[in-house]
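Novice: Have a look at the structure that comes next, please.
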Amino acid sequence: MEIKITRPQGTEDVTPKQIYKWHTVERIARETAESFGFHETRIPTFENTNLFLRSVGETTDVVQKEMYTVTAKETQFTLRPEGTAGTIRSMLQNGLLNDALPQKVFYILSCFRHERPQKGRLREFHQFGVEMAGSQGPASDAEIISLAKTILDRAGLQNIALNINSIGCPNCRPKYHATLKSFLSGRIGEMCSTCQTRFDRNPLRVLDCKEKHCQELVADAPSMLDLLCDDCKAHFAQLQSYLDAAHIPYQIDPRIVRGLDYYTKTVFELITKTENGNLTVCGGGRYDNLVEQLGGPSLHAVGFGMGIERVLMLLDSEGVVIPKPTLYDVFVTYMGAHQVEAFSLVQKLRDAGLKADMDHTGRSLKAQFKYANKMGATLTATLGDEEIASGVVKVKNMATKEEQTIALDNIADGIRNMLASSN
């Protein structure tokens, strides 16, 4: 068979054979976030392009190389490359930031970036993210780091490390930019064309270059940590105190700058080591100026984004088994011309909250049992001439082969009792 049209490069299908794993990770993330006091929000898949130019930054790889942008009636729209900008825009536009602060929201959404597809990096990928707006203290930074780590711990990942850094604020960053430009001035001619463009407009972005040669040239670049103002220095020290108090291990990595321009002060990554180097599973930090940049009040904020595909990939590589759910509690089988009675029974069981189904293809009774077994049904409930005449159903446990005859009037409770005894 030749398939005429295939999925676009850099995208993936999630079939019923894998979706239960997604549901498990998403459930863990939702429930953990809710236990931390976060509420779910949903935003559009595309936004006005200016939102990302203003927030993410025109010198970032995301804006320069990776955004999917279309023009519709002279208005430019962009498929969201990340979740923070759209979420803050939504919080502003819908008045959430006028309510009691901090506002704490989470989301599960798809993002789009035109990257070279490779393992752990797709053009359409999915994120779990959180944003906390209206809290400036380092305790907020520690809280979202704790939330991210708790999610990964509950999912079962073992080989995750936390790296933290501070990239300063508008008060101390200009001095660092000058120091960094002085360091780069003798090397920039050897660097890639993108870094040469960044040198004047935003030298901090040079440290985020993915080109190996550029990374080697900046390996001994001066550290922002040495030039932090007193406020940023105190904030970073207090963050470490909170992480220590929560017994969350971490390493300070002065090379973390993150790839988006809205970050200030704290930045962090939860990473794992792979044969191709470090892989970031979750990244985030503080962005104290973004709300104001988008037209809102001067309001501090902090958040993170976690790649769902990467979490699933690591769970698989670490051998973490996610239990596959049972498709059916009971599969109704029938003999002869009793398909209507079987259909009625299936509806009755579903109305009672049980997962039930039946054959719709005209299989023989033997083939129905074979299909029920293949689909992993816990029980089968059989209707034949004798059962219908007597007002009963023969229910069989497919694993133990135990069989019971249950009155049709009491079928739902009888099946629940058999399910309970089989667990």
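FYI, nothing fancy with the structure tokens labels: chains A, B, ... in order, residues from 1 per chain, ligands from 1 as they appear.
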Run DSSP on the backbone and tell me which residues of segment 9-76 of chain A come out as helix (DSSP H, G or I); list them as number ranges by chain.

Specialist: A: 16-35, 49-55, 61-66

Novice: I'd like the neighbourhood of segment 84-101 of chain A as JSON, numbers by chain, where a residue qualifies if any of its atoms comes within 7 Å (using only C-alpha atoms), though same-chain residues fewer than 4 positions away should be ignored.

Specialist: {"A": [43, 51, 52, 55, 134, 291, 294, 296]}

Novice: Take atom CA of Asp409 of chain A and atom CA of Thr378 of chain A and report the distance between them in Å, one decimal.

Specialist: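 Atom CA of Asp409 of chain A sits 20.9 Å away from atom CA of Thr378 of chain A.
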
Novice: Which one of A:Val330, A:Met335, A:Ala234, A:Val392 sits closest to Ala377 of chain A if you count only C-alpha atoms?

Specialist: A:Val330

Novice: Could you name the residues that touch Arg350 of chain A at 12 Å or less, counting only C-alpha atoms, but leaving out those on the same chain fewer than 4 positions away, as a PyMOL selection string?

Specialist: chain A and resi 328-332+343-346+354-358+411-412+415

Novice: Within 10 Å of segment 190-204 of chain A, counting only C-alpha atoms, which residues qualify if same-chain residues fewer than 2 places away don't, as a PDB file with N, CA and C atoms, in the first residue's frame?

Specialist:
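The file below, out_21.pdb, is the result:
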ATOM      1  N   GLY A  57      11.975  38.362  21.792  1.00  0.00           N
ATOM      2  CA  GLY A  57      13.181  39.096  21.415  1.00  0.00           C
ATOM      3  C   GLY A  57      13.559  38.878  19.967  1.00  0.00           C
ATOM      4  N   GLU A  58      13.823  39.983  19.248  1.00  0.00           N
ATOM      5  CA  GLU A  58      14.100  39.892  17.817  1.00  0.00           C
ATOM      6  C   GLU A  58      15.439  39.249  17.509  1.00  0.00           C
ATOM      7  N   THR A  59      16.364  39.178  18.481  1.00  0.00           N
ATOM      8  CA  THR A  59      17.681  38.594  18.220  1.00  0.00           C
ATOM      9  C   THR A  59      17.764  37.125  18.620  1.00  0.00           C
ATOM     10  N   THR A  60      16.682  36.550  19.110  1.00  0.00           N
ATOM     11  CA  THR A  60      16.708  35.148  19.516  1.00  0.00           C
ATOM     12  C   THR A  60      16.571  34.233  18.303  1.00  0.00           C
ATOM     13  N   ASP A  61      17.047  32.999  18.450  1.00  0.00           N
ATOM     14  CA  ASP A  61      16.887  32.013  17.384  1.00  0.00           C
ATOM     15  C   ASP A  61      15.421  31.776  17.074  1.00  0.00           C
ATOM     16  N   GLN A  64      14.298  34.777  14.902  1.00  0.00           N
ATOM     17  CA  GLN A  64      15.051  34.936  13.662  1.00  0.00           C
ATOM     18  C   GLN A  64      14.907  33.746  12.718  1.00  0.00           C
ATOM     19  N   ILE A 167      20.907  35.839  35.642  1.00  0.00           N
ATOM     20  CA  ILE A 167      21.379  36.657  34.529  1.00  0.00           C
ATOM     21  C   ILE A 167      21.153  38.138  34.804  1.00  0.00           C
ATOM     22  N   ARG A 173      22.899  44.358  34.248  1.00  0.00           N
ATOM     23  CA  ARG A 173      23.216  43.685  32.987  1.00  0.00           C
ATOM     24  C   ARG A 173      23.995  44.558  32.003  1.00  0.00           C
ATOM     25  N   TYR A 176      27.596  44.085  32.540  1.00  0.00           N
ATOM     26  CA  TYR A 176      28.035  42.767  32.067  1.00  0.00           C
ATOM     27  C   TYR A 176      28.122  42.746  30.548  1.00  0.00           C
ATOM     28  N   HIS A 177      27.152  43.371  29.880  1.00  0.00           N
ATOM     29  CA  HIS A 177      27.181  43.423  28.416  1.00  0.00           C
ATOM     30  C   HIS A 177      28.480  44.071  27.940  1.00  0.00           C
ATOM     31  N   ALA A 178      28.884  45.150  28.596  1.00  0.00           N
ATOM     32  CA  ALA A 178      30.118  45.832  28.204  1.00  0.00           C
ATOM     33  C   ALA A 178      31.334  44.933  28.431  1.00  0.00           C
ATOM     34  N   THR A 179      31.352  44.251  29.563  1.00  0.00           N
ATOM     35  CA  THR A 179      32.459  43.332  29.864  1.00  0.00           C
ATOM     36  C   THR A 179      32.490  42.179  28.869  1.00  0.00           C
ATOM     37  N   LEU A 180      31.311  41.648  28.556  1.00  0.00           N
ATOM     38  CA  LEU A 180      31.231  40.523  27.627  1.00  0.00           C
ATOM     39  C   LEU A 180      31.642  40.948  26.214  1.00  0.00           C
ATOM     40  N   LYS A 181      31.211  42.134  25.790  1.00  0.00           N
ATOM     41  CA  LYS A 181      31.579  42.605  24.455  1.00  0.00           C
ATOM     42  C   LYS A 181      33.087  42.817  24.348  1.00  0.00           C
ATOM     43  N   LEU A 184      34.464  39.423  23.831  1.00  0.00           N
ATOM     44  CA  LEU A 184      34.129  38.850  22.526  1.00  0.00           C
ATOM     45  C   LEU A 184      34.785  39.576  21.359  1.00  0.00           C
ATOM     46  N   SER A 185      35.207  40.799  21.577  1.00  0.00           N
ATOM     47  CA  SER A 185      35.670  41.627  20.465  1.00  0.00           C
ATOM     48  C   SER A 185      36.800  40.981  19.678  1.00  0.00           C
ATOM     49  N   GLY A 186      37.676  40.256  20.354  1.00  0.00           N
ATOM     50  CA  GLY A 186      38.778  39.607  19.650  1.00  0.00           C
ATOM     51  C   GLY A 186      38.429  38.267  19.061  1.00  0.00           C
ATOM     52  N   ARG A 187      37.198  37.778  19.312  1.00  0.00           N
ATOM     53  CA  ARG A 187      36.793  36.457  18.856  1.00  0.00           C
ATOM     54  C   ARG A 187      35.628  36.478  17.870  1.00  0.00           C
ATOM     55  N   ILE A 188      34.875  37.576  17.852  1.00  0.00           N
ATOM     56  CA  ILE A 188      33.620  37.594  17.119  1.00  0.00           C
ATOM     57  C   ILE A 188      33.808  37.346  15.632  1.00  0.00           C
ATOM     58  N   VAL A 206      24.943  35.501  22.436  1.00  0.00           N
ATOM     59  CA  VAL A 206      26.097  34.762  21.902  1.00  0.00           C
ATOM     60  C   VAL A 206      26.383  33.537  22.765  1.00  0.00           C
ATOM     61  N   LEU A 207      26.176  33.671  24.066  1.00  0.00           N
ATOM     62  CA  LEU A 207      26.442  32.552  24.977  1.00  0.00           C
ATOM     63  C   LEU A 207      25.463  31.398  24.758  1.00  0.00           C
ATOM     64  N   ASP A 208      24.350  31.676  24.074  1.00  0.00           N
ATOM     65  CA  ASP A 208      23.311  30.668  23.866  1.00  0.00           C
ATOM     66  C   ASP A 208      23.441  29.975  22.513  1.00  0.00           C
ATOM     67  N   CYS A 209      24.488  30.306  21.758  1.00  0.00           N
ATOM     68  CA  CYS A 209      24.661  29.725  20.421  1.00  0.00           C
ATOM     69  C   CYS A 209      24.874  28.217  20.523  1.00  0.00           C
ATOM     70  N   GLU A 211      26.179  26.414  17.977  1.00  0.00           N
ATOM     71  CA  GLU A 211      27.313  26.002  17.144  1.00  0.00           C
ATOM     72  C   GLU A 211      28.493  25.620  18.043  1.00  0.00           C
ATOM     73  N   HIS A 213      31.716  25.404  17.521  1.00  0.00           N
ATOM     74  CA  HIS A 213      32.889  26.275  17.475  1.00  0.00           C
ATOM     75  C   HIS A 213      32.643  27.538  18.295  1.00  0.00           C
ATOM     76  N   CYS A 214      31.437  28.085  18.203  1.00  0.00           N
ATOM     77  CA  CYS A 214      31.114  29.278  18.987  1.00  0.00           C
ATOM     78  C   CYS A 214      31.137  28.964  20.481  1.00  0.00           C
ATOM     79  N   GLN A 215      30.641  27.802  20.857  1.00  0.00           N
ATOM     80  CA  GLN A 215      30.650  27.407  22.267  1.00  0.00           C
ATOM     81  C   GLN A 215      32.077  27.313  22.797  1.00  0.00           C
ATOM     82  N   GLU A 216      32.986  26.809  21.958  1.00  0.00           N
ATOM     83  CA  GLU A 216      34.391  26.708  22.369  1.00  0.00           C
ATOM     84  C   GLU A 216      35.008  28.089  22.554  1.00  0.00           C
ATOM     85  N   LEU A 217      34.627  29.039  21.696  1.00  0.00           N
ATOM     86  CA  LEU A 217      35.198  30.380  21.762  1.00  0.00           C
ATOM     87  C   LEU A 217      34.744  31.154  23.005  1.00  0.00           C
ATOM     88  N   VAL A 218      33.584  30.793  23.552  1.00  0.00           N
ATOM     89  CA  VAL A 218      33.083  31.519  24.734  1.00  0.00           C
ATOM     90  C   VAL A 218      33.206  30.689  26.008  1.00  0.00           C
ATOM     91  N   MET A 224      28.307  36.327  34.553  1.00  0.00           N
ATOM     92  CA  MET A 224      27.376  37.344  35.044  1.00  0.00           C
ATOM     93  C   MET A 224      27.359  37.365  36.565  1.00  0.00           C
ATOM     94  N   VAL A 257      21.633  30.876  30.055  1.00  0.00           N
ATOM     95  CA  VAL A 257      21.029  32.187  29.792  1.00  0.00           C
ATOM     96  C   VAL A 257      19.603  32.039  29.289  1.00  0.00           C
ATOM     97  N   ARG A 258      19.201  30.816  28.914  1.00  0.00           N
ATOM     98  CA  ARG A 258      17.907  30.542  28.288  1.00  0.00           C
ATOM     99  C   ARG A 258      17.834  31.239  26.931  1.00  0.00           C
ATOM    100  N   GLY A 259      16.918  30.835  26.084  1.00  0.00           N
ATOM    101  CA  GLY A 259      16.901  31.320  24.717  1.00  0.00           C
ATOM    102  C   GLY A 259      15.949  32.451  24.432  1.00  0.00           C
ATOM    103  N   ASP A 261      14.420  36.471  25.452  1.00  0.00           N
ATOM    104  CA  ASP A 261      14.918  37.729  26.006  1.00  0.00           C
ATOM    105  C   ASP A 261      14.193  38.211  27.251  1.00  0.00           C
TER     106      ASP A 261
END

Novice: For each of A:His39, A:His126, A:Lys394, A:Arg30, take the minimum atom-to-atom distance to Leu312 of chain A, counting only C-alpha atoms, then give the residue where this is smallest.

Specialist: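 That would be A:His126, the residue with the smallest distance to Leu312 of chain A.
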
Novice: Find the residues near His235 of chain A: any atom within 10 Å, counting only C-alpha atoms, skip ones fewer than 2 places away on the same chain, and give them as a list in words.

Specialist: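 Everything that qualifies: Gln136, Gly137, Pro138, Ala139, Asp141, Ser166, Gly168, Cys229, Asp230, Asp231, Cys232, Lys233, Ala237, Gln238, Leu239, Gln240, Ser241, Lys265 and Thr266 of chain A.
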
Novice: With N, CA and C atoms retained, write the just-selected residues as a PDB file, in the first residue's frame.

Specialist:
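File part-v4.pdb, as written:
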ATOM      1  N   GLN A 136       7.462  38.668  43.748  1.00  0.00           N
ATOM      2  CA  GLN A 136       8.822  38.983  43.362  1.00  0.00           C
ATOM      3  C   GLN A 136       9.890  38.272  44.169  1.00  0.00           C
ATOM      4  N   GLY A 137       9.544  37.644  45.267  1.00  0.00           N
ATOM      5  CA  GLY A 137      10.547  37.050  46.135  1.00  0.00           C
ATOM      6  C   GLY A 137      11.121  35.763  45.587  1.00  0.00           C
ATOM      7  N   PRO A 138      12.319  35.390  46.033  1.00  0.00           N
ATOM      8  CA  PRO A 138      12.955  34.147  45.589  1.00  0.00           C
ATOM      9  C   PRO A 138      12.193  32.891  46.020  1.00  0.00           C
ATOM     10  N   ALA A 139      11.301  33.020  47.010  1.00  0.00           N
ATOM     11  CA  ALA A 139      10.487  31.865  47.392  1.00  0.00           C
ATOM     12  C   ALA A 139       9.616  31.408  46.227  1.00  0.00           C
ATOM     13  N   ASP A 141      10.462  31.624  43.028  1.00  0.00           N
ATOM     14  CA  ASP A 141      11.361  30.897  42.135  1.00  0.00           C
ATOM     15  C   ASP A 141      11.537  29.454  42.637  1.00  0.00           C
ATOM     16  N   SER A 166      21.839  33.130  37.631  1.00  0.00           N
ATOM     17  CA  SER A 166      21.189  34.443  37.605  1.00  0.00           C
ATOM     18  C   SER A 166      21.777  35.235  36.452  1.00  0.00           C
ATOM     19  N   GLY A 168      20.949  38.475  36.083  1.00  0.00           N
ATOM     20  CA  GLY A 168      20.884  39.862  36.473  1.00  0.00           C
ATOM     21  C   GLY A 168      19.606  40.569  36.070  1.00  0.00           C
ATOM     22  N   CYS A 229      24.291  43.046  40.682  1.00  0.00           N
ATOM     23  CA  CYS A 229      24.068  44.117  41.645  1.00  0.00           C
ATOM     24  C   CYS A 229      23.699  43.506  42.994  1.00  0.00           C
ATOM     25  N   ASP A 230      23.679  44.316  44.027  1.00  0.00           N
ATOM     26  CA  ASP A 230      23.421  43.798  45.373  1.00  0.00           C
ATOM     27  C   ASP A 230      22.063  43.113  45.459  1.00  0.00           C
ATOM     28  N   ASP A 231      21.037  43.689  44.791  1.00  0.00           N
ATOM     29  CA  ASP A 231      19.690  43.115  44.843  1.00  0.00           C
ATOM     30  C   ASP A 231      19.661  41.738  44.180  1.00  0.00           C
ATOM     31  N   CYS A 232      20.268  41.628  43.002  1.00  0.00           N
ATOM     32  CA  CYS A 232      20.275  40.340  42.293  1.00  0.00           C
ATOM     33  C   CYS A 232      21.125  39.307  43.036  1.00  0.00           C
ATOM     34  N   LYS A 233      22.218  39.781  43.624  1.00  0.00           N
ATOM     35  CA  LYS A 233      23.082  38.870  44.379  1.00  0.00           C
ATOM     36  C   LYS A 233      22.327  38.306  45.588  1.00  0.00           C
ATOM     37  N   ALA A 237      21.193  34.377  46.292  1.00  0.00           N
ATOM     38  CA  ALA A 237      21.609  33.701  47.524  1.00  0.00           C
ATOM     39  C   ALA A 237      20.398  33.174  48.289  1.00  0.00           C
ATOM     40  N   GLN A 238      19.330  33.960  48.324  1.00  0.00           N
ATOM     41  CA  GLN A 238      18.127  33.528  49.031  1.00  0.00           C
ATOM     42  C   GLN A 238      17.456  32.356  48.314  1.00  0.00           C
ATOM     43  N   LEU A 239      17.488  32.360  46.992  1.00  0.00           N
ATOM     44  CA  LEU A 239      16.957  31.216  46.244  1.00  0.00           C
ATOM     45  C   LEU A 239      17.654  29.938  46.668  1.00  0.00           C
ATOM     46  N   GLN A 240      18.969  29.993  46.781  1.00  0.00           N
ATOM     47  CA  GLN A 240      19.728  28.812  47.190  1.00  0.00           C
ATOM     48  C   GLN A 240      19.346  28.380  48.598  1.00  0.00           C
ATOM     49  N   SER A 241      19.067  29.337  49.466  1.00  0.00           N
ATOM     50  CA  SER A 241      18.649  28.996  50.834  1.00  0.00           C
ATOM     51  C   SER A 241      17.321  28.245  50.825  1.00  0.00           C
ATOM     52  N   LYS A 265      17.071  37.894  36.305  1.00  0.00           N
ATOM     53  CA  LYS A 265      17.478  37.223  37.555  1.00  0.00           C
ATOM     54  C   LYS A 265      17.536  35.699  37.382  1.00  0.00           C
ATOM     55  N   THR A 266      16.681  34.957  38.084  1.00  0.00           N
ATOM     56  CA  THR A 266      16.784  33.498  38.115  1.00  0.00           C
ATOM     57  C   THR A 266      16.473  32.860  36.769  1.00  0.00           C
TER      58      THR A 266
END

Novice: Find the residues around Phe36 of chain A up to 10 Å (only C-alpha atoms counted), leave out those fewer than 4 positions away in its own chain, and share them as a ChimeraX atom specification.

Specialist: /A:30-32,104,143-144,146-147

Novice: Let's see if you can do this: from backbone DSSP, list all strand (DSSP E or B) residues in segment 191-328 of chain A, as a VMD selection string.

Specialist: chain A and resid 251 to 252 264 to 274 277 to 286 301 to 307

Novice: Rank nothing, just name the residue among A:Glu292, A:Glu403, A:Asp316, A:Glu47 nearest to Lys21 of chain A, using only C-alpha atoms.

Specialist: A:Asp316

Novice: Quick one: everything within 9 Å of Asn163 of chain A, counting only C-alpha atoms, minus sequence neighbours fewer than 3 positions away in the same chain. Send it as a PyMOL selection string.

Specialist: chain A and resi 250-253+256+267-271

Novice: Return the single residue from A:Leu53, A:Leu314, A:Ala381, A:Ala352 that is closest to Asn159 of chain A, with distances computed using only C-alpha atoms.

Specialist: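 Going through A:Leu53, A:Leu314, A:Ala381, A:Ala352 one by one, the smallest distance to Asn159 of chain A is for A:Leu314.
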
Novice: Of the residues A:Thr405, A:Arg205, A:Asn417, A:Lys119, which is the one nearest to Glu275 of chain A, using only C-alpha atoms?

Specialist: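 The closest residue to Glu275 of chain A is A:Lys119.
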
Novice: Let me make sure I understand: among A:Glu402, A:Cys282, A:Asp351, A:Gly319, which one has the smallest atom-to-atom distance to Leu152 of chain A if we use only C-alpha atoms?

Specialist: A:Cys282
